[in-house]
file query.tsv (TSV, N, CA, C and O atoms)
chain	number	residue	atom	x	y	z
A	1	MET	N	8.19	4.61	-6.69
A	1	MET	CA	8.30	3.20	-6.34
A	1	MET	C	7.94	3.03	-4.87
A	1	MET	O	8.30	3.83	-4.03
A	2	ALA	N	7.22	1.98	-4.55
A	2	ALA	CA	6.76	1.74	-3.20
A	2	ALA	C	7.87	1.14	-2.33
A	2	ALA	O	8.78	0.48	-2.83
A	3	LYS	N	7.75	1.36	-1.05
A	3	LYS	CA	8.64	0.72	-0.09
A	3	LYS	C	8.23	-0.75	0.03
A	3	LYS	O	7.08	-1.10	-0.25
A	4	PRO	N	9.14	-1.62	0.49
A	4	PRO	CA	8.81	-3.05	0.55
A	4	PRO	C	7.60	-3.39	1.42
A	4	PRO	O	6.92	-4.37	1.16
A	5	ASP	N	7.31	-2.60	2.44
A	5	ASP	CA	6.20	-2.91	3.34
A	5	ASP	C	4.91	-2.17	2.98
A	5	ASP	O	3.94	-2.20	3.72
A	6	GLU	N	4.88	-1.48	1.83
A	6	GLU	CA	3.70	-0.74	1.42
A	6	GLU	C	2.92	-1.49	0.35
A	6	GLU	O	3.50	-2.17	-0.49
A	7	LEU	N	1.63	-1.33	0.38
A	7	LEU	CA	0.78	-1.80	-0.71
A	7	LEU	C	0.41	-0.58	-1.53
A	7	LEU	O	0.03	0.45	-0.98
A	8	ILE	N	0.55	-0.69	-2.83
A	8	ILE	CA	0.28	0.47	-3.66
A	8	ILE	C	-0.89	0.21	-4.59
A	8	ILE	O	-1.23	-0.94	-4.89
A	9	LEU	N	-1.51	1.29	-5.03
A	9	LEU	CA	-2.61	1.23	-5.97
A	9	LEU	C	-2.05	0.91	-7.35
A	9	LEU	O	-1.19	1.62	-7.87
A	10	LEU	N	-2.52	-0.18	-7.93
A	10	LEU	CA	-2.13	-0.58	-9.28
A	10	LEU	C	-3.32	-0.40	-10.21
A	10	LEU	O	-4.45	-0.21	-9.76
A	11	PHE	N	-3.07	-0.47	-11.48
A	11	PHE	CA	-4.11	-0.25	-12.49
A	11	PHE	C	-4.15	-1.42	-13.46
A	11	PHE	O	-3.22	-2.21	-13.55
A	12	TRP	N	-5.26	-1.52	-14.19
A	12	TRP	CA	-5.42	-2.56	-15.21
A	12	TRP	C	-6.17	-1.99	-16.39
A	12	TRP	O	-6.81	-0.95	-16.29
A	13	ASN	N	-6.06	-2.67	-17.54
A	13	ASN	CA	-6.75	-2.28	-18.77
A	13	ASN	C	-7.77	-3.35	-19.10
A	13	ASN	O	-7.50	-4.54	-18.95
A	14	CYS	N	-8.94	-2.95	-19.56
A	14	CYS	CA	-10.01	-3.88	-19.90
A	14	CYS	C	-9.67	-4.63	-21.19
A	14	CYS	O	-9.45	-4.01	-22.23
A	15	PRO	N	-9.63	-5.98	-21.14
A	15	PRO	CA	-9.34	-6.74	-22.34
A	15	PRO	C	-10.52	-6.77	-23.33
A	15	PRO	O	-10.33	-7.09	-24.50
A	16	GLU	N	-11.70	-6.41	-22.86
A	16	GLU	CA	-12.90	-6.47	-23.71
A	16	GLU	C	-13.03	-5.22	-24.60
A	16	GLU	O	-13.18	-5.33	-25.80
A	17	CYS	N	-12.97	-4.04	-23.98
A	17	CYS	CA	-13.20	-2.81	-24.75
A	17	CYS	C	-11.96	-1.94	-24.89
A	17	CYS	O	-11.97	-0.94	-25.60
A	18	GLY	N	-10.89	-2.29	-24.17
A	18	GLY	CA	-9.65	-1.53	-24.26
A	18	GLY	C	-9.56	-0.31	-23.36
A	18	GLY	O	-8.59	0.43	-23.42
A	19	HIS	N	-10.58	-0.10	-22.51
A	19	HIS	CA	-10.53	1.03	-21.57
A	19	HIS	C	-9.28	0.89	-20.71
A	19	HIS	O	-9.00	-0.18	-20.20
A	20	GLU	N	-8.52	1.96	-20.56
A	20	GLU	CA	-7.24	1.91	-19.87
A	20	GLU	C	-7.28	2.60	-18.52
A	20	GLU	O	-8.13	3.45	-18.27
A	21	HIS	N	-6.32	2.22	-17.70
A	21	HIS	CA	-6.03	2.90	-16.44
A	21	HIS	C	-7.20	2.81	-15.43
A	21	HIS	O	-7.64	3.79	-14.87
A	22	ILE	N	-7.67	1.59	-15.22
A	22	ILE	CA	-8.74	1.33	-14.25
A	22	ILE	C	-8.09	0.98	-12.93
A	22	ILE	O	-7.17	0.15	-12.89
A	23	GLU	N	-8.53	1.58	-11.84
A	23	GLU	CA	-7.94	1.29	-10.53
A	23	GLU	C	-8.10	-0.18	-10.19
A	23	GLU	O	-9.15	-0.79	-10.42
A	24	GLY	N	-7.06	-0.76	-9.64
A	24	GLY	CA	-7.01	-2.19	-9.33
A	24	GLY	C	-8.19	-2.73	-8.56
A	24	GLY	O	-8.72	-3.79	-8.92
A	25	PRO	N	-8.66	-2.08	-7.49
A	25	PRO	CA	-9.79	-2.63	-6.75
A	25	PRO	C	-11.11	-2.65	-7.51
A	25	PRO	O	-12.05	-3.33	-7.12
A	26	THR	N	-11.20	-1.91	-8.62
A	26	THR	CA	-12.41	-1.89	-9.44
A	26	THR	C	-12.53	-3.22	-10.16
A	26	THR	O	-11.65	-3.59	-10.93
A	27	ARG	N	-13.60	-3.95	-9.92
A	27	ARG	CA	-13.74	-5.30	-10.44
A	27	ARG	C	-14.43	-5.37	-11.80
A	27	ARG	O	-14.40	-6.40	-12.45
A	28	ARG	N	-15.08	-4.28	-12.19
A	28	ARG	CA	-15.76	-4.25	-13.50
A	28	ARG	C	-15.32	-3.01	-14.25
A	28	ARG	O	-15.13	-1.95	-13.67
A	29	CYS	N	-15.19	-3.18	-15.54
A	29	CYS	CA	-14.81	-2.04	-16.39
A	29	CYS	C	-15.92	-0.99	-16.32
A	29	CYS	O	-17.10	-1.31	-16.51
A	30	PRO	N	-15.58	0.27	-16.07
A	30	PRO	CA	-16.62	1.30	-16.00
A	30	PRO	C	-17.24	1.62	-17.36
A	30	PRO	O	-18.32	2.20	-17.42
A	31	ARG	N	-16.60	1.21	-18.45
A	31	ARG	CA	-17.15	1.49	-19.78
A	31	ARG	C	-18.07	0.37	-20.26
A	31	ARG	O	-19.20	0.62	-20.66
A	32	CYS	N	-17.58	-0.89	-20.24
A	32	CYS	CA	-18.37	-1.98	-20.83
A	32	CYS	C	-18.89	-2.97	-19.78
A	32	CYS	O	-19.59	-3.90	-20.11
A	33	PHE	N	-18.52	-2.79	-18.52
A	33	PHE	CA	-18.95	-3.63	-17.39
A	33	PHE	C	-18.43	-5.06	-17.46
A	33	PHE	O	-18.96	-5.95	-16.82
A	34	HIS	N	-17.37	-5.28	-18.23
A	34	HIS	CA	-16.72	-6.59	-18.29
A	34	HIS	C	-16.05	-6.86	-16.94
A	34	HIS	O	-15.39	-5.99	-16.38
A	35	TRP	N	-16.24	-8.07	-16.41
A	35	TRP	CA	-15.62	-8.43	-15.13
A	35	TRP	C	-14.12	-8.60	-15.31
A	35	TRP	O	-13.67	-9.23	-16.26
A	36	ARG	N	-13.36	-8.08	-14.37
A	36	ARG	CA	-11.92	-8.33	-14.34
A	36	ARG	C	-11.72	-9.78	-13.94
A	36	ARG	O	-12.34	-10.27	-13.00
A	37	ASP	N	-10.85	-10.50	-14.64
A	37	ASP	CA	-10.62	-11.89	-14.28
A	37	ASP	C	-9.15	-12.11	-13.93
A	37	ASP	O	-8.37	-11.17	-13.86
A	38	GLN	N	-8.78	-13.35	-13.72
A	38	GLN	CA	-7.43	-13.68	-13.27
A	38	GLN	C	-6.37	-13.41	-14.32
A	38	GLN	O	-5.18	-13.35	-13.98
A	39	THR	N	-6.73	-13.28	-15.55
A	39	THR	CA	-5.75	-13.10	-16.61
A	39	THR	C	-5.32	-11.65	-16.79
A	39	THR	O	-4.37	-11.38	-17.52
A	40	VAL	N	-5.98	-10.72	-16.14
A	40	VAL	CA	-5.67	-9.30	-16.28
A	40	VAL	C	-4.33	-9.00	-15.63
A	40	VAL	O	-4.04	-9.45	-14.52
A	41	ASP	N	-3.51	-8.25	-16.34
A	41	ASP	CA	-2.22	-7.81	-15.80
A	41	ASP	C	-2.38	-6.45	-15.12
A	41	ASP	O	-3.00	-5.55	-15.68
A	42	PHE	N	-1.80	-6.33	-13.94
A	42	PHE	CA	-1.81	-5.07	-13.23
A	42	PHE	C	-0.47	-4.38	-13.47
A	42	PHE	O	0.55	-5.02	-13.67
A	43	TYR	N	-0.49	-3.04	-13.44
A	43	TYR	CA	0.74	-2.29	-13.65
A	43	TYR	C	0.78	-1.07	-12.74
A	43	TYR	O	-0.25	-0.54	-12.32
A	44	GLU	N	2.00	-0.65	-12.46
A	44	GLU	CA	2.21	0.56	-11.68
A	44	GLU	C	2.28	1.73	-12.66
A	44	GLU	O	2.91	1.63	-13.72
A	45	ALA	N	1.62	2.81	-12.33
A	45	ALA	CA	1.59	4.00	-13.19
A	45	ALA	C	2.17	5.19	-12.42
A	45	ALA	O	2.36	5.11	-11.20
A	46	PRO	N	2.46	6.26	-13.10
A	46	PRO	CA	3.00	7.43	-12.41
A	46	PRO	C	2.11	7.94	-11.28
A	46	PRO	O	2.60	8.50	-10.30
A	47	ASP	N	0.80	7.73	-11.38
A	47	ASP	CA	-0.09	8.19	-10.31
A	47	ASP	C	-0.43	7.09	-9.30
A	47	ASP	O	-1.32	7.27	-8.47
A	48	SER	N	0.28	5.96	-9.34
A	48	SER	CA	0.12	4.94	-8.29
A	48	SER	C	0.57	5.56	-6.97
A	48	SER	O	1.50	6.37	-6.94
A	49	ARG	N	-0.09	5.17	-5.91
A	49	ARG	CA	0.22	5.74	-4.59
A	49	ARG	C	0.06	4.66	-3.53
A	49	ARG	O	-0.64	3.67	-3.75
A	50	PRO	N	0.70	4.85	-2.38
A	50	PRO	CA	0.48	3.88	-1.29
A	50	PRO	C	-0.98	3.92	-0.84
A	50	PRO	O	-1.61	4.97	-0.81
A	51	LEU	N	-1.52	2.76	-0.53
A	51	LEU	CA	-2.89	2.67	-0.02
A	51	LEU	C	-2.90	3.03	1.46
A	51	LEU	O	-1.97	2.71	2.20
A	52	THR	N	-3.96	3.68	1.89
A	52	THR	CA	-4.13	3.99	3.31
A	52	THR	C	-4.53	2.70	4.04
A	52	THR	O	-4.95	1.72	3.41
A	53	ILE	N	-4.43	2.71	5.36
A	53	ILE	CA	-4.83	1.55	6.16
A	53	ILE	C	-6.29	1.23	5.90
A	53	ILE	O	-6.67	0.06	5.76
A	54	GLU	N	-7.14	2.23	5.80
A	54	GLU	CA	-8.56	2.01	5.55
A	54	GLU	C	-8.79	1.32	4.20
A	54	GLU	O	-9.62	0.42	4.09
A	55	GLU	N	-8.06	1.74	3.19
A	55	GLU	CA	-8.19	1.11	1.87
A	55	GLU	C	-7.70	-0.33	1.89
A	55	GLU	O	-8.33	-1.21	1.30
A	56	VAL	N	-6.60	-0.58	2.57
A	56	VAL	CA	-6.08	-1.95	2.67
A	56	VAL	C	-7.11	-2.85	3.34
A	56	VAL	O	-7.38	-3.95	2.86
A	57	LEU	N	-7.72	-2.39	4.42
A	57	LEU	CA	-8.72	-3.19	5.11
A	57	LEU	C	-9.96	-3.39	4.24
A	57	LEU	O	-10.56	-4.46	4.25
A	58	GLN	N	-10.34	-2.39	3.48
A	58	GLN	CA	-11.51	-2.49	2.62
A	58	GLN	C	-11.30	-3.50	1.50
A	58	GLN	O	-12.21	-4.22	1.12
A	59	TYR	N	-10.08	-3.56	0.96
A	59	TYR	CA	-9.81	-4.42	-0.20
A	59	TYR	C	-9.04	-5.68	0.14
A	59	TYR	O	-8.54	-6.35	-0.75
A	60	GLN	N	-8.97	-6.08	1.41
A	60	GLN	CA	-8.14	-7.23	1.79
A	60	GLN	C	-8.75	-8.57	1.40
A	60	GLN	O	-8.05	-9.55	1.33
A	61	ARG	N	-10.04	-8.62	1.13
A	61	ARG	CA	-10.68	-9.88	0.75
A	61	ARG	C	-10.24	-10.29	-0.65
A	61	ARG	O	-10.08	-9.45	-1.51
A	62	PRO	N	-10.07	-11.56	-0.90
A	62	PRO	CA	-9.68	-11.99	-2.25
A	62	PRO	C	-10.81	-11.79	-3.24
A	62	PRO	O	-11.98	-11.84	-2.88
A	63	ASP	N	-10.46	-11.57	-4.49
A	63	ASP	CA	-11.45	-11.41	-5.54
A	63	ASP	C	-11.98	-12.76	-6.00
A	63	ASP	O	-13.09	-12.86	-6.49
A	64	TRP	N	-11.17	-13.79	-5.86
A	64	TRP	CA	-11.51	-15.09	-6.42
A	64	TRP	C	-11.43	-16.16	-5.35
A	64	TRP	O	-10.57	-16.13	-4.50
A	65	LYS	N	-12.33	-17.11	-5.41
A	65	LYS	CA	-12.28	-18.28	-4.54
A	65	LYS	C	-12.37	-19.52	-5.41
A	65	LYS	O	-13.07	-19.54	-6.41
A	66	ARG	N	-11.65	-20.55	-5.04
A	66	ARG	CA	-11.67	-21.79	-5.79
A	66	ARG	C	-12.69	-22.74	-5.13
A	66	ARG	O	-12.67	-22.95	-3.94
A	67	SER	N	-13.57	-23.26	-5.94
A	67	SER	CA	-14.57	-24.21	-5.47
A	67	SER	C	-14.50	-25.42	-6.39
A	67	SER	O	-15.01	-25.40	-7.50
A	68	GLY	N	-13.83	-26.47	-5.92
A	68	GLY	CA	-13.63	-27.63	-6.78
A	68	GLY	C	-12.73	-27.24	-7.92
A	68	GLY	O	-11.68	-26.65	-7.73
A	69	LYS	N	-13.15	-27.53	-9.14
A	69	LYS	CA	-12.35	-27.20	-10.32
A	69	LYS	C	-12.77	-25.88	-10.94
A	69	LYS	O	-12.18	-25.44	-11.91
A	70	ARG	N	-13.79	-25.24	-10.40
A	70	ARG	CA	-14.30	-24.01	-11.00
A	70	ARG	C	-13.92	-22.81	-10.17
A	70	ARG	O	-13.90	-22.85	-8.95
A	71	LEU	N	-13.67	-21.71	-10.83
A	71	LEU	CA	-13.43	-20.45	-10.15
A	71	LEU	C	-14.74	-19.68	-10.11
A	71	LEU	O	-15.49	-19.66	-11.06
A	72	LYS	N	-14.99	-19.06	-8.99
A	72	LYS	CA	-16.19	-18.24	-8.86
A	72	LYS	C	-15.78	-16.86	-8.38
A	72	LYS	O	-14.90	-16.71	-7.55
A	73	LEU	N	-16.45	-15.87	-8.90
A	73	LEU	CA	-16.17	-14.49	-8.53
A	73	LEU	C	-16.90	-14.16	-7.24
A	73	LEU	O	-18.08	-14.41	-7.11
A	74	LEU	N	-16.18	-13.59	-6.30
A	74	LEU	CA	-16.76	-13.19	-5.03
A	74	LEU	C	-17.41	-11.82	-5.19
A	74	LEU	O	-16.75	-10.85	-5.54
A	75	ASP	N	-18.70	-11.75	-4.96
A	75	ASP	CA	-19.41	-10.48	-4.98
A	75	ASP	C	-19.45	-9.98	-3.55
A	75	ASP	O	-20.34	-10.30	-2.78
A	76	SER	N	-18.44	-9.20	-3.17
A	76	SER	CA	-18.29	-8.80	-1.78
A	76	SER	C	-19.40	-7.87	-1.31
A	76	SER	O	-19.67	-7.78	-0.12
A	77	SER	N	-20.04	-7.19	-2.22
A	77	SER	CA	-21.10	-6.28	-1.80
A	77	SER	C	-22.32	-7.05	-1.31
A	77	SER	O	-23.09	-6.55	-0.52
A	78	ARG	N	-22.50	-8.31	-1.79
A	78	ARG	CA	-23.63	-9.12	-1.38
A	78	ARG	C	-23.23	-10.30	-0.52
A	78	ARG	O	-24.08	-10.98	0.03
A	79	GLY	N	-21.90	-10.56	-0.44
A	79	GLY	CA	-21.43	-11.65	0.38
A	79	GLY	C	-21.69	-13.02	-0.20
A	79	GLY	O	-21.70	-14.01	0.52
A	80	ASP	N	-21.91	-13.11	-1.49
A	80	ASP	CA	-22.15	-14.42	-2.10
A	80	ASP	C	-21.22	-14.65	-3.27
A	80	ASP	O	-20.46	-13.78	-3.65
A	81	LEU	N	-21.30	-15.84	-3.81
A	81	LEU	CA	-20.44	-16.18	-4.94
A	81	LEU	C	-21.24	-16.16	-6.22
A	81	LEU	O	-22.39	-16.57	-6.27
A	82	ARG	N	-20.62	-15.67	-7.27
A	82	ARG	CA	-21.23	-15.63	-8.60
A	82	ARG	C	-20.43	-16.53	-9.52
A	82	ARG	O	-19.22	-16.54	-9.45
A	83	LYS	N	-21.09	-17.24	-10.43
A	83	LYS	CA	-20.38	-18.06	-11.41
A	83	LYS	C	-19.78	-17.19	-12.47
A	83	LYS	O	-20.27	-16.17	-12.80

call {"tool": "encode", "arguments": {"input": "query.tsv", "output": "structure tokens"}}
result
Amino acid sequence: MAKPDELILLFWNCPECGHEHIEGPTRRCPRCFHWRDQTVDFYEAPDSRPLTIEEVLQYQRPDWKRSGKRLKLLDSSRGDLRK
């Protein structure tokens, strides 16, 4: 269990193909390439660990931005928004 001031690595399961135990910062399923969306539940697993300062800084940007009534996925590698 993490300390209150720590950020820990969480995992998610792909709702499209069922691939399990995907690291939280991974935005696409490595098996079917389905985008992780807001409905995905994250969970702590036995191999969850505290994130390093470098990892926290790398993943501090939000995955989603609200633009009007539509949500758009932030493609941080290109710095633009995708529908």

call {"tool": "residues_around", "arguments": {"input": "query.tsv", "residues": "range 2-18 of chain A", "least_positions_apart": "3", "cutoff": "6 Å", "atoms": "only C-alpha atoms", "output": "list in words"}}
result
His21, Ile22, Glu23, Gly24, Phe42, Tyr43, Glu44, Ser48, Arg49, Pro50 and Leu51 of chain A

call {"tool": "atom_distance", "arguments": {"input": "query.tsv", "atom1": "atom N of Phe33 in chain A", "atom2": "CA of Ile53 in chain A"}}
result
28.6 Å

call {"tool": "axis_aligned_box", "arguments": {"input": "query.tsv", "around": "range 25-38 of chain A", "padding_each_side": "6 Å", "output": "lines of an AutoDock Vina configuration file"}}
result
center_x = -12.4
center_y = -5.7
center_z = -13.8
size_x = 26.4
size_y = 27.9
size_z = 26.1

call {"tool": "atom_distance", "arguments": {"input": "query.tsv", "atom1": "atom O of Gln58 in chain A", "atom2": "atom O of Asp41 in chain A"}}
result
19.2 Å

call {"tool": "select_by_dssp", "arguments": {"input": "query.tsv", "residues": "range 12-69 of chain A", "states": "strand (DSSP E)", "output": "list in words"}}
result
Trp12, Ile22, Glu23, Phe42, Tyr43, Trp64, Lys65, Arg66 and Ser67 of chain A
